[in-house]
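In what follows, a single structure is set out as structure tokens and then discussed.
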Amino acid sequence: MKISIFLALAIGALPLPSQVAHESILKGATESGDWLTYSGNYSAHRHSPLKQIDESNAPRLKPAWAYQTNSMQRFETTPLVSGGVMYISEPPSHVTALDARTGRPLWKYRRVIPDDIRVCCGAVNRGVALLGDLIFIGTVDAHLVALSAKTGVVQWDVSVANYKGGYSITGAPLAVKDKIVVGVSGGEYGVRGLLDAYDAKTGKRAWRFWTIPGPGEKGNETWKGDSWKSGSAATWVTGAYDPDTNLLYWGTGNPGPDWNGDVREGDNLYSDCLLALDADTGTLKWYFQFTPHDVHDWDATEVPVLVEGEVRGRKRKLVVFPNRNAFYYVLDRTTGEFILGKPYAKQTWAKGLDDKGRPIRLPGTFPTVEGTKVWPAVAGANNWYSPSYSPSTGLLYVSVREAGSVYFIGEAEFKEGERFDGGGFRSVPGEDESGAVRAFNPVNGQLAWEYRLFSPPWAGLLSTAGGLVFGGTNEGQFFALGAKTGKLLWRFQAGGAARSNPMSYLSGGKQYIAMTMGSSLYAFGVE
Amino acid sequence: MIWWAPILLFQISQALDLPAVEKNPFTSPADVSAGKRLYAGRCGGCHGPTGDGGKGANLGVPVLPRAADDRTLYRVIRYGLTETEMPGTYLTQRELWQVVAFVRTLGQVERGPVTGDAARGEELLRGKGGCLQCHSIGMEGSQMAPPLTEIGSRRGPGHLRGKLLDPASDMPDQYRMVELATKDGKKFNGIRLNEDTWSIQARDFSGKPHTFEKQDLTELRVVRRTPMPSYRERLDGREIDDVVAYLSGLRSNP
């Protein structure tokens with residue numbers, strides 16, 4: 001079923017991929033210019049320490065090369081770069097190794113996908129993981145595959161879950177120590193959510209955490225009757241990891257069915273949660289639920305960002321979380337204690353949060369047959385795309401969406417492998433939607449600056465030590481702002497919507513910024 | 001994990017989620033009334049509570065030009081019509097079929113005859129109404145306002161009447177007028193064609209397109225307002241009926 005195509009291996013002296021050890025990933029994106037994990041480092045900062053490109057020369061940025069995918073599906077990958085080779089995923093579940101300086105392909109892995117896969121929102125992929133001399137990809141038919149980083153040849157291929165039951169994989173796996181952690185999609189198919197870890201060498205499953213507790217387990221009582229069985233709580237966005245606490249921080253998705261909560265009365269744990277799991281065993285250390293009994297499809301599958309900060313005079317290890325539900329959260333990442341939460345975009349569904357961080361819901365905000373107008377929109381104030389934290393400015397950068405939706409309730413009868421969403425939504429007629437890049441003090445959530453965008457963005461941000469923040473628009477522009485000032489320094493019309501996250505790397509001693517726009521991957525540099 | 005793009009940008013593979021059967025398996029009276037309830041919430045706002053059209057097409061016709069058979073109607077409801085204001089709708093397969101069943105009943109309802117005289121309507125539109133100063137029909141007229149060539153397939157008579165009497169009441173979602181002034185002192189008024197964070201494209205009243213960089217502007221107002229005059233005083237009730245009759249007959253050839 002799976003074929004690999006070798007390309008261009010004969011072209012001169014190509015850089016050879018080097019072994020990537022857990023210790024290298026631990027250092028994060030460093031001055032060496034590699035980018036070894038989805039978010040750049042385990043703290044999910046999506047920050048590059050490179051500073052060849054800075055505020056003074058950013059206006060001279062130019063595309064150095066572009067690589068086009070043949071797919072009409074969205075191209076959502078974050079490239080990884082190691083030793084001069086760039087590893088990207090392409091929709092639906094392909095992998096390509098490119099020479100990072102020229103964009104020329106070195107090898108390709110092309111997976112044959114069954115035509116009855118269950119994907120709610122496109123057969124897409126957000127990136128690969130790298131460990132040792134292997135590349136790892138999760139596939140839309142819910143497999144985890146290990147490829148040789150040198151050749152793209154399959155080393156092992158395991159089924160994570162049955163795709164016919166509604167599972168798929170679209171997120172980038174996370175390599176931690178000797179394991180590959182991978183989450184699943186399926187929140188619109190009533191799957192039972194799970195997070196898995198596999199031995200990187202053998203593909204043997206090391207642990208599994210069900211995001212919905214089974215009968216007799218704590219939390220199962222937060223589901224009416226058997227509704228836990230089809231409760232979703234998928235895990236489709238890559239989390240973060242803290243080597244000191246040895247905890248993984250991973251968000252979970254909406255409860256199923258999305259918009260009809262009547263069939264699953266209760267808080268519906270662990271949907272819409274941030275989970276803190278022991279990285280060796282998958283044991284739950286703590287959880288925090290942002291939206292108990294969600295009826296708006298506000299997955300907590302955003303990227304958790306780990307920062308250190310002083311709270312009431314005490315230095316604390318924090319995890320911060322701009323949630324899809326339009327509230328910004330600061331938690332203690334050792335204990336899960338709620339420290340702060342406040343709206344960072346327009347919201348009309350909650351009066352506020354109580355002192356435990358639980359939302360105080362406003363009446364009349366649940367979906368109805370006639371439709372209920374609520375902010376934020378179904379896609380939320382933030383979504384799967386990445387925020388960025390710059391240690392040099394101390395600011396957290398977030399692509400914020402300002403929009404509402406009209407939410408409908410519909411019937412919800414579960415049949416395995418079929419859509420199970422119990423309603424729908426529509427944009428609010430006559431309302432202008434908009435977006436912004438907002439820079440926050442991560443510890444107190446205070447706004448430092450904002451740069452307004454015409455429409456709600458679908459792209460994440462990258463900050464660099466060169467004092468820049470990169471982002472993209474739906475209208476096809478890729479742009480750079482001053483990280484301190486929020487001033488526009490450069491923009492480029494790339495001809496296709498930004499639907500992914502930027503990253504930065506060095507090749508041949510030169511800094512590049514990479515980003516997919518439309519169906520092309522661009523690398524930008526200065527002459 | 002839905003993280004949809006705006007409705008017009010829906011990119012969901014249409015190969016998925018299509019019914020295997022050709023014939024609607026849900027047509028019992030209970031299904032039709034379930035379909036009616038769903039229709040009221042999801043469709044009625046645009047197509048009118050009884051389906052005689054509004055902002056959306058008149059569904060009260062014996063044959064729907066773009067949804068002649070049930071499977072096509074199912075698909076139109078599920079995925080919408082691309083590049084139009086007709087959105088896709090998320091419903092379960094059964095709900096979709098129930099809406100199909102209800103929409104089919106709309107075609108069987110006796111409708112009052114269209115009262116106006118279409119030929120007189122055409123005369124009014126070209127003459128006294130001055131509609132072609134702004135609109136076009138086929139290649140004739142001005143490009144400043146939306147073409148009326150196939151308006152009868154898109155909008156119901158009730159909506160067309162409303163448009164003539166009170167043009168500002170129910171405008172297309174994306175329609176905006178632009179008023180701006182440039183740093184070198186020029187003023188411009190027109191109709192927005194497109195916009196992004198840094199630039200705006202607009203048509204002037206002669207129909208010519210322009211692009212402005214927002215950084216070169218001292219003033220920019222993008223407003224939901226229409227230059228179309230109300231015909232409440234300009235045409236009498238009969239004449240309005242006549243124009244509506246003419247517009248309703250301007251249809252695409254199926």
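Identifiers in the structure tokens: chain A, B, ... in order shown; residue index from 1 per chain; ligand index from 1 in order shown.
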
Would you pick out the contacts of Lys204 in chain A at 12 Å or less, using only C-alpha atoms, so that residues sharing its chain but fewer than 6 positions from it are not included, and give the list as a ChimeraX atom specification? /A:144-146,156-160,178-181,196-198

Neighbour list for Ile113 in chain A as a PDB file with N, CA, C and O atoms, in the first residue's frame, cut-off 12 Å, only C-alpha atoms, skip fewer than 5 positions in-chain:
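So the final result, stored in out-v4.pdb, reads:
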ATOM      1  N   MET A   1       0.826  -1.215   0.000  1.00  0.00           N
ATOM      2  CA  MET A   1       0.000   0.000   0.000  1.00  0.00           C
ATOM      3  C   MET A   1       0.859   1.264   0.000  1.00  0.00           C
ATOM      4  O   MET A   1       0.538   2.255  -0.607  1.00  0.00           O
ATOM      5  N   LYS A   2       1.934   1.220   0.717  1.00  0.00           N
ATOM      6  CA  LYS A   2       2.692   2.453   0.866  1.00  0.00           C
ATOM      7  C   LYS A   2       3.912   2.424  -0.031  1.00  0.00           C
ATOM      8  O   LYS A   2       4.651   1.446  -0.050  1.00  0.00           O
ATOM      9  N   ILE A   3       4.117   3.475  -0.731  1.00  0.00           N
ATOM     10  CA  ILE A   3       5.260   3.484  -1.618  1.00  0.00           C
ATOM     11  C   ILE A   3       6.162   4.652  -1.287  1.00  0.00           C
ATOM     12  O   ILE A   3       5.717   5.693  -0.828  1.00  0.00           O
ATOM     13  N   PRO A  91      -0.436  17.256   2.491  1.00  0.00           N
ATOM     14  CA  PRO A  91      -1.740  16.600   2.580  1.00  0.00           C
ATOM     15  C   PRO A  91      -1.849  15.468   1.546  1.00  0.00           C
ATOM     16  O   PRO A  91      -1.325  15.647   0.454  1.00  0.00           O
ATOM     17  N   PRO A  92      -2.507  14.361   1.825  1.00  0.00           N
ATOM     18  CA  PRO A  92      -3.152  14.089   3.118  1.00  0.00           C
ATOM     19  C   PRO A  92      -2.164  13.618   4.198  1.00  0.00           C
ATOM     20  O   PRO A  92      -2.243  14.061   5.311  1.00  0.00           O
ATOM     21  N   SER A  93      -1.235  12.712   3.865  1.00  0.00           N
ATOM     22  CA  SER A  93      -0.330  12.176   4.895  1.00  0.00           C
ATOM     23  C   SER A  93       1.013  11.816   4.267  1.00  0.00           C
ATOM     24  O   SER A  93       1.582  10.776   4.540  1.00  0.00           O
ATOM     25  N   HIS A  94       1.491  12.663   3.386  1.00  0.00           N
ATOM     26  CA  HIS A  94       2.752  12.413   2.707  1.00  0.00           C
ATOM     27  C   HIS A  94       3.896  13.083   3.458  1.00  0.00           C
ATOM     28  O   HIS A  94       3.681  13.995   4.250  1.00  0.00           O
ATOM     29  N   ARG A 118     -12.449   9.108   7.516  1.00  0.00           N
ATOM     30  CA  ARG A 118     -13.401  10.012   8.172  1.00  0.00           C
ATOM     31  C   ARG A 118     -12.644  11.243   8.652  1.00  0.00           C
ATOM     32  O   ARG A 118     -12.028  11.207   9.719  1.00  0.00           O
ATOM     33  N   VAL A 119     -12.679  12.301   7.871  1.00  0.00           N
ATOM     34  CA  VAL A 119     -12.067  13.544   8.353  1.00  0.00           C
ATOM     35  C   VAL A 119     -13.121  14.631   8.294  1.00  0.00           C
ATOM     36  O   VAL A 119     -13.828  14.763   7.315  1.00  0.00           O
ATOM     37  N   ALA A 123      -8.470  16.485   4.634  1.00  0.00           N
ATOM     38  CA  ALA A 123      -7.442  15.462   4.834  1.00  0.00           C
ATOM     39  C   ALA A 123      -6.097  16.176   4.861  1.00  0.00           C
ATOM     40  O   ALA A 123      -5.423  16.305   3.854  1.00  0.00           O
ATOM     41  N   VAL A 124      -5.750  16.668   6.050  1.00  0.00           N
ATOM     42  CA  VAL A 124      -4.588  17.543   6.177  1.00  0.00           C
ATOM     43  C   VAL A 124      -3.581  16.957   7.156  1.00  0.00           C
ATOM     44  O   VAL A 124      -3.866  15.989   7.857  1.00  0.00           O
ATOM     45  N   THR A 139      -1.187   9.546  10.249  1.00  0.00           N
ATOM     46  CA  THR A 139      -1.873   9.574   8.956  1.00  0.00           C
ATOM     47  C   THR A 139      -3.389   9.722   9.122  1.00  0.00           C
ATOM     48  O   THR A 139      -3.936   9.416  10.184  1.00  0.00           O
ATOM     49  N   VAL A 140      -4.057  10.148   8.063  1.00  0.00           N
ATOM     50  CA  VAL A 140      -5.513  10.329   8.143  1.00  0.00           C
ATOM     51  C   VAL A 140      -6.256   9.006   8.253  1.00  0.00           C
ATOM     52  O   VAL A 140      -7.432   8.992   8.606  1.00  0.00           O
ATOM     53  N   ASP A 141      -5.565   7.882   7.977  1.00  0.00           N
ATOM     54  CA  ASP A 141      -6.193   6.598   8.268  1.00  0.00           C
ATOM     55  C   ASP A 141      -5.721   6.066   9.626  1.00  0.00           C
ATOM     56  O   ASP A 141      -5.756   4.858   9.882  1.00  0.00           O
ATOM     57  N   ALA A 142      -5.271   7.013  10.478  1.00  0.00           N
ATOM     58  CA  ALA A 142      -5.001   6.738  11.906  1.00  0.00           C
ATOM     59  C   ALA A 142      -3.878   5.739  12.154  1.00  0.00           C
ATOM     60  O   ALA A 142      -3.949   4.920  13.061  1.00  0.00           O
ATOM     61  N   HIS A 143      -2.849   5.820  11.336  1.00  0.00           N
ATOM     62  CA  HIS A 143      -1.631   5.055  11.602  1.00  0.00           C
ATOM     63  C   HIS A 143      -0.525   6.002  12.067  1.00  0.00           C
ATOM     64  O   HIS A 143      -0.574   7.208  11.808  1.00  0.00           O
ATOM     65  N   TYR A 163      -9.694   3.665  11.676  1.00  0.00           N
ATOM     66  CA  TYR A 163     -10.217   4.863  10.993  1.00  0.00           C
ATOM     67  C   TYR A 163     -11.691   4.725  10.669  1.00  0.00           C
ATOM     68  O   TYR A 163     -12.423   5.706  10.605  1.00  0.00           O
ATOM     69  N   SER A 168      -8.801   9.695  12.973  1.00  0.00           N
ATOM     70  CA  SER A 168      -7.793  10.056  11.980  1.00  0.00           C
ATOM     71  C   SER A 168      -6.682  10.767  12.729  1.00  0.00           C
ATOM     72  O   SER A 168      -6.837  11.082  13.913  1.00  0.00           O
TER      73      SER A 168
END

Option closest in space to Lys510 in chain A, from A:Asn254, A:Thr77, A:Gln52, A:Ser39 [counting only C-alpha atoms]: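 For Lys510 in chain A, the nearest of the given residues is A:Gln52.
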
Return as an MDAnalysis selection string the residues belonging to chain A that are within 9 Å of chain B, counting only C-alpha atoms. chainID A and resid 72:74 115:123 185:188 234 236 253:254 297:299 301 368:371 378:380 383:384 408 410:413 418:427 429:431 452:455 458 473:475 477

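Residues surrounding Met139 in chain B within 12 Å are Leu132, Pro147, Leu148 and Thr149 of chain B [only C-alpha atoms; sequence separation below 6 positions excluded].
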
Test item: residues at most 6 Å from Gly239 in chain A, only C-alpha atoms, excluding those fewer than 2 positions along its chain, as a ChimeraX atom specification: /A:249-250,303

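Across the model, the gap from CA of His45 in chain A to CA of Leu174 in chain A is 14.5 Å.
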
As a PyMOL selection string, which residues of range 80-202 of chain B does DSSP assign to helix (DSSP H, G or I)? chain B and resi 93-106+118-126+131-133+151-154+157-165

Given only C-alpha atoms as the counted atoms, nearest of A:Val330, A:Leu318, A:Leu447, A:Ala381 to Lys356 in chain A: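 Checking each of A:Val330, A:Leu318, A:Leu447, A:Ala381 against Lys356 in chain A, counting only C-alpha atoms, the winner is A:Val330.
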
Where does DSSP see strand (DSSP E or B) in range 1-248 of chain B, if you list the residues as an MDAnalysis selection string? chainID B and resid 136:137 140:141 177:182 187:195 199:203 209:213 217:223

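Computed from the coordinates, the CA of Val76 in chain B to CA of Asp31 in chain B distance equals 19.1 Å.
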
What gap, in Å, lies between CA of Gly417 in chain A and CA of Thr170 in chain A?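 Interatomic distance here is 17.1 Å.
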
Name the residues in contact with Gly127 in chain B at a cut-off of 12 Å, using only C-alpha atoms, excluding same-chain residues fewer than 6 positions from it; report them as a VMD selection string. chain B and resid 120 to 121 133 235 243
